[in-house]
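Data block for work-v1.pdb (PDB, C-alpha atoms, pLDDT in the B column):
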ATOM      1  CA  MET C   8      -4.008   2.378  16.623  1.00 85.00           C
ATOM      2  CA  LEU C   9      -5.659   1.400  13.389  1.00 87.00           C
ATOM      3  CA  ILE C  10      -6.097   4.302  10.995  1.00 91.00           C
ATOM      4  CA  GLU C  11      -7.866   3.961   7.662  1.00 90.00           C
ATOM      5  CA  ASN C  12      -6.672   6.032   4.724  1.00 93.00           C
ATOM      6  CA  THR C  13      -9.895   6.338   2.723  1.00 91.00           C
ATOM      7  CA  LYS C  14      -8.145   7.867  -0.297  1.00 88.00           C
ATOM      8  CA  GLN C  15      -7.031   5.679  -3.176  1.00 83.00           C
ATOM      9  CA  ARG C  16      -3.467   6.930  -2.946  1.00 87.00           C
ATOM     10  CA  ILE C  17      -0.563   6.855  -0.530  1.00 89.00           C
ATOM     11  CA  ALA C  18      -0.601   9.774   1.889  1.00 88.00           C
ATOM     12  CA  ARG C  19       2.636  11.248   3.181  1.00 87.00           C
ATOM     13  CA  ALA C  20       2.728  13.303   6.344  1.00 84.00           C
ATOM     14  CA  PHE C  21       5.508  14.404   8.663  1.00 81.00           C
ATOM     15  CA  ASP C  22       5.915  13.920  12.387  1.00 79.00           C
ATOM     16  CA  LYS C  23       7.471  16.512  14.723  1.00 80.00           C
ATOM     17  CA  ARG C  24      10.992  15.333  13.874  1.00 84.00           C
ATOM     18  CA  GLY C  25      10.335  15.861  10.180  1.00 83.00           C
ATOM     19  CA  GLN C  26      10.263  12.121   9.485  1.00 84.00           C
ATOM     20  CA  ALA C  27       7.920  11.077   6.687  1.00 87.00           C
ATOM     21  CA  VAL C  28       5.052   8.793   7.654  1.00 89.00           C
ATOM     22  CA  LEU C  29       3.474   6.943   4.733  1.00 90.00           C
ATOM     23  CA  LEU C  30      -0.139   5.859   5.011  1.00 91.00           C
ATOM     24  CA  LEU C  31      -1.130   3.303   2.400  1.00 90.00           C
ATOM     25  CA  PRO C  32      -4.680   3.257   1.083  1.00 90.00           C
ATOM     26  CA  GLY C  33      -6.734   1.205   3.518  1.00 89.00           C
ATOM     27  CA  VAL C  34      -5.821   0.258   7.068  1.00 89.00           C
ATOM     28  CA  ASN C  35      -2.535   1.335   8.653  1.00 90.00           C
ATOM     29  CA  GLN C  36      -1.144   0.847  12.131  1.00 88.00           C
ATOM     30  CA  LEU C  37       0.340   3.818  13.975  1.00 88.00           C
ATOM     31  CA  SER C  38       1.307   4.553  17.540  1.00 87.00           C
ATOM     32  CA  ALA C  39      -0.863   7.029  19.447  1.00 88.00           C
ATOM     33  CA  LYS C  40       2.179   9.323  19.669  1.00 90.00           C
ATOM     34  CA  VAL C  41       2.694   9.457  15.903  1.00 90.00           C
ATOM     35  CA  TRP C  42      -1.052   9.924  15.306  1.00 91.00           C
ATOM     36  CA  ALA C  43      -1.096  12.858  17.762  1.00 91.00           C
ATOM     37  CA  GLU C  44       1.859  14.424  15.976  1.00 89.00           C
ATOM     38  CA  LEU C  45       0.184  14.018  12.578  1.00 90.00           C
ATOM     39  CA  LYS C  46      -3.058  15.535  13.880  1.00 90.00           C
ATOM     40  CA  ALA C  47      -1.053  18.555  15.094  1.00 89.00           C
ATOM     41  CA  ASN C  48       0.107  19.209  11.520  1.00 86.00           C
ATOM     42  CA  LYS C  49      -2.328  21.803  10.131  1.00 87.00           C
ATOM     43  CA  HIS C  50      -2.296  20.358   6.602  1.00 87.00           C
ATOM     44  CA  PHE C  51      -2.892  16.819   7.825  1.00 89.00           C
ATOM     45  CA  ALA C  52      -5.609  18.042  10.190  1.00 90.00           C
ATOM     46  CA  LYS C  53      -7.498  19.377   7.157  1.00 92.00           C
ATOM     47  CA  SER C  54      -7.331  15.907   5.579  1.00 92.00           C
ATOM     48  CA  ILE C  55      -8.717  14.379   8.761  1.00 92.00           C
ATOM     49  CA  ALA C  56     -11.540  16.938   8.815  1.00 94.00           C
ATOM     50  CA  ARG C  57     -12.394  16.039   5.176  1.00 94.00           C
ATOM     51  CA  GLY C  58     -12.721  12.402   6.218  1.00 93.00           C
ATOM     52  CA  ASP C  59      -9.619  11.200   4.392  1.00 94.00           C
ATOM     53  CA  PHE C  60      -8.552   9.327   7.552  1.00 93.00           C
ATOM     54  CA  LYS C  61     -10.632   7.442  10.106  1.00 90.00           C
ATOM     55  CA  VAL C  62      -9.630   5.975  13.452  1.00 89.00           C
ATOM     56  CA  LEU C  63     -10.816   2.367  13.483  1.00 84.00           C
ATOM     57  CA  SER C  64      -9.307   1.526  16.863  1.00 81.00           C
ATOM     58  CA  GLU C  65      -7.437   3.476  19.499  1.00 82.00           C
ATOM     59  CA  ASP C  66      -6.094   0.300  21.108  1.00 73.00           C
ATOM     60  CA  GLU C  67      -2.336  -0.190  21.011  1.00 68.00           C
ATOM     61  CA  ALA C  68      -0.191  -3.280  21.270  1.00 60.00           C
ATOM     62  CA  LYS C  69       2.332  -3.338  24.057  1.00 59.00           C
ATOM     63  CA  PRO C  70       5.988  -3.954  23.128  1.00 54.00           C
ATOM     64  CA  GLY C  71       6.473  -7.592  22.129  1.00 56.00           C
ATOM     65  CA  GLU C  72       2.759  -8.184  21.478  1.00 56.00           C
ATOM     66  CA  THR C  73       1.173  -8.919  18.131  1.00 55.00           C
ATOM     67  CA  PRO C  74       0.103  -5.633  16.536  1.00 58.00           C
ATOM     68  CA  ILE C  75      -3.505  -4.630  17.067  1.00 63.00           C
ATOM     69  CA  GLY C  76      -5.516  -6.053  14.225  1.00 67.00           C
ATOM     70  CA  PRO C  77      -8.753  -7.795  13.404  1.00 68.00           C
ATOM     71  CA  SER C  78      -8.649  -9.745  16.677  1.00 64.00           C
ATOM     72  CA  ILE C  79      -9.915  -6.625  18.476  1.00 69.00           C
ATOM     73  CA  PHE C  80     -13.168  -6.800  16.536  1.00 73.00           C
ATOM     74  CA  LYS C  81     -15.720  -9.171  18.048  1.00 74.00           C
ATOM     75  CA  ASN C  82     -17.811  -8.963  14.888  1.00 81.00           C
ATOM     76  CA  VAL C  83     -16.277 -11.217  12.228  1.00 86.00           C
ATOM     77  CA  ARG C  84     -17.675  -9.131   9.359  1.00 89.00           C
ATOM     78  CA  THR C  85     -15.971  -6.001  10.716  1.00 86.00           C
ATOM     79  CA  ALA C  86     -12.717  -7.931  11.085  1.00 86.00           C
ATOM     80  CA  VAL C  87     -12.925  -9.284   7.530  1.00 91.00           C
ATOM     81  CA  ASP C  88     -13.738  -5.806   6.166  1.00 89.00           C
ATOM     82  CA  THR C  89     -10.672  -4.460   7.982  1.00 88.00           C
ATOM     83  CA  ILE C  90      -8.517  -7.192   6.447  1.00 90.00           C
ATOM     84  CA  ARG C  91      -9.859  -6.475   2.947  1.00 91.00           C
ATOM     85  CA  ALA C  92      -8.951  -2.810   3.432  1.00 88.00           C
ATOM     86  CA  THR C  93      -5.349  -3.631   4.388  1.00 89.00           C
ATOM     87  CA  PHE C  94      -2.677  -3.598   1.693  1.00 89.00           C
ATOM     88  CA  ASP C  95       0.453  -4.096   3.810  1.00 90.00           C
ATOM     89  CA  PRO C  96       1.548  -7.761   3.588  1.00 92.00           C
ATOM     90  CA  ALA C  97       3.866  -7.469   6.599  1.00 89.00           C
ATOM     91  CA  LEU C  98       1.028  -6.173   8.770  1.00 87.00           C
ATOM     92  CA  LEU C  99      -1.338  -8.889   7.536  1.00 91.00           C
ATOM     93  CA  ASN C 100       1.233 -11.567   8.345  1.00 91.00           C
ATOM     94  CA  GLN C 101       1.696 -10.129  11.839  1.00 86.00           C
ATOM     95  CA  TRP C 102      -2.048 -10.155  12.397  1.00 86.00           C
ATOM     96  CA  LYS C 103      -2.280 -13.745  11.248  1.00 89.00           C
ATOM     97  CA  GLN C 104       0.179 -14.851  13.939  1.00 85.00           C
ATOM     98  CA  GLY C 105      -2.102 -13.589  16.693  1.00 74.00           C
ATOM     99  CA  GLU C 106      -5.418 -14.766  15.274  1.00 84.00           C
ATOM    100  CA  ALA C 107      -7.178 -17.996  16.245  1.00 84.00           C
ATOM    101  CA  ARG C 108     -10.443 -17.654  14.274  1.00 87.00           C
ATOM    102  CA  THR C 109     -10.371 -19.719  11.081  1.00 91.00           C
ATOM    103  CA  THR C 110     -12.601 -17.299   9.173  1.00 92.00           C
ATOM    104  CA  ILE C 111     -10.191 -14.472   9.952  1.00 91.00           C
ATOM    105  CA  THR C 112      -7.021 -16.395   9.053  1.00 93.00           C
ATOM    106  CA  GLU C 113      -8.661 -17.484   5.788  1.00 95.00           C
ATOM    107  CA  ALA C 114      -9.545 -13.855   5.025  1.00 95.00           C
ATOM    108  CA  ILE C 115      -5.935 -12.850   5.705  1.00 94.00           C
ATOM    109  CA  ASP C 116      -4.669 -15.635   3.422  1.00 96.00           C
ATOM    110  CA  ALA C 117      -7.088 -14.519   0.692  1.00 96.00           C
ATOM    111  CA  GLN C 118      -5.963 -10.892   1.000  1.00 94.00           C
ATOM    112  CA  LEU C 119      -2.287 -11.907   0.911  1.00 95.00           C
ATOM    113  CA  ALA C 120      -2.956 -14.016  -2.212  1.00 96.00           C
ATOM    114  CA  LEU C 121      -4.731 -11.089  -3.866  1.00 93.00           C
ATOM    115  CA  LEU C 122      -1.844  -8.738  -3.064  1.00 92.00           C
ATOM    116  CA  GLU C 123       0.672 -11.246  -4.460  1.00 93.00           C
ATOM    117  CA  LYS C 124      -1.414 -11.689  -7.630  1.00 91.00           C
ATOM    118  CA  ASN C 125      -1.660  -7.918  -8.093  1.00 87.00           C
ATOM    119  CA  LYS C 126       2.083  -7.544  -7.519  1.00 85.00           C
ATOM    120  CA  LYS C 127       2.809 -10.200 -10.155  1.00 86.00           C
ATOM    121  CA  GLU C 128       0.393  -8.573 -12.639  1.00 85.00           C
ATOM    122  CA  MET C 129       1.980  -5.165 -12.073  1.00 84.00           C
ATOM    123  CA  LYS C 130       5.457  -6.586 -12.728  1.00 85.00           C
ATOM    124  CA  GLU C 131       4.272  -8.276 -15.923  1.00 85.00           C
ATOM    125  CA  SER C 132       2.565  -5.083 -17.064  1.00 85.00           C
ATOM    126  CA  ALA C 133       5.666  -3.004 -16.359  1.00 85.00           C
ATOM    127  CA  LYS C 134       7.828  -5.517 -18.251  1.00 85.00           C
ATOM    128  CA  ALA C 135       5.475  -5.437 -21.243  1.00 86.00           C
ATOM    129  CA  ARG C 136       5.480  -1.620 -21.257  1.00 85.00           C
ATOM    130  CA  ALA C 137       9.288  -1.575 -21.098  1.00 86.00           C
ATOM    131  CA  GLU C 138       9.543  -4.055 -23.968  1.00 86.00           C
ATOM    132  CA  GLN C 139       7.032  -2.053 -26.007  1.00 85.00           C
ATOM    133  CA  LYS C 140       8.893   1.181 -25.309  1.00 82.00           C
ATOM    134  CA  GLY C 141      12.196  -0.427 -26.295  1.00 80.00           C
ATOM    135  CA  ALA C 142      10.699  -1.690 -29.536  1.00 78.00           C
ATOM    136  CA  THR C 143       9.361   1.742 -30.499  1.00 77.00           C
ATOM    137  CA  GLU C 144      12.449   3.743 -29.479  1.00 72.00           C
ATOM    138  CA  GLY C 145      15.429   1.747 -30.570  1.00 63.00           C
ATOM    139  CA  GLY C 146      14.054  -1.254 -32.329  1.00 54.00           C
ATOM    140  CA  ASP C 147      15.274  -2.684 -35.634  1.00 52.00           C
ATOM    141  CA  ASP C 148      17.305  -0.141 -37.637  1.00 50.00           C
ATOM    142  CA  SER C 149      17.185  -2.166 -40.868  1.00 49.00           C
ATOM    143  CA  ALA C 150      13.598  -1.231 -41.639  1.00 49.00           C
ATOM    144  CA  GLY C 151      13.935   1.544 -44.212  1.00 50.00           C
ATOM    145  CA  ASP C 152      16.568   3.614 -42.429  1.00 51.00           C
ATOM    146  CA  ASP C 153      18.886   4.921 -45.088  1.00 51.00           C
ATOM    147  CA  GLU C 154      20.314   7.668 -42.896  1.00 52.00           C
ATOM    148  CA  GLY C 155      23.974   8.263 -43.568  1.00 51.00           C
ATOM    149  CA  ASP C 156      23.916   6.480 -46.938  1.00 52.00           C
ATOM    150  CA  GLU C 157      23.729   9.618 -49.087  1.00 52.00           C
ATOM    151  CA  GLY C 158      26.802  10.442 -51.086  1.00 51.00           C
ATOM    152  CA  ASP C 159      28.386   7.027 -50.600  1.00 51.00           C
ATOM    153  CA  GLU C 160      27.960   6.124 -54.257  1.00 50.00           C
ATOM    154  CA  GLU C 161      30.639   7.559 -56.476  1.00 46.00           C
TER     155      GLU C 161
END
Whole structure, structure tokens version:
Amino acid sequence: MLIENTKQRIARAFDKRGQAVLLLPGVNQLSAKVWAELKANKHFAKSIARGDFKVLSEDEAKPGETPIGPSIFKNVRTAVDTIRATFDPALLNQWKQGEARTTITEAIDAQLALLEKNKKEMKESAKARAEQKGATEGGDDSAGDDEGDEGDEE
């Protein structure tokens, strides 16, 4: 099944065994069994009722098959929109393996490139913040710090 998390944050829900199920923003793939268990959770059911989650497809891949993805959509625009709403590189790569349409594989490649670019930018931003934090917290002690020097002159 393809489930779209319409919120701009990761959603965490629990199945009947108490296992956490993470739903990234955008399109996620779940089994019908897990989806049924999540819908049975009263808190998650409220989120579904609010429209936080939409079922895009109830089709399921059989064991050993390529996961259900954009290939189920006859309309190329719908398939491309689904790809653009998917932020899981592993799922995108799986979809690409089972797709023959050039437009769709190009859309998957573009989405993967965008995710990689965003990942790189996030790492650079985190590194810059860490460097800035280090400079403000424990930077150069020689700049006007006379602490501990009092009483040394006799």
Taken to one decimal, the atom CA of C:Arg19-atom CA of C:Lys40 distance is 16.6 Å
| request: Compile the contact shell of C:Val34 as an MDAnalysis selection string: residues with an atom at most 9 Å away, counting all atoms listed in the file, same-chain residues fewer than 6 positions apart removed. | output: chainID C and resid 9:13 63 89:95
Can you spell out as an NGL selection string the set of residues that the PyMOL selection byres ((chain C and resi 47-55) around 12) selects in the structure I just provided?
:C and (10-14 or 18-25 or 28 or 30 or 40-46 or 56-62)
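Going from atom CA of C:Leu99 over to atom CA of C:Val87, you cover 11.6 Å.
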_Expand the PyMOL selection byres ((chain C and resi 112) around 10) into the explicit residue set it covers here, and present it as a list in words._
Pro77, Val87, Ile90, Leu99, Asn100, Trp102, Lys103, Gln104, Gly105, Glu106, Ala107, Arg108, Thr109, Thr110, Ile111, Glu113, Ala114, Ile115, Asp116, Ala117 and Gln118 of chain C
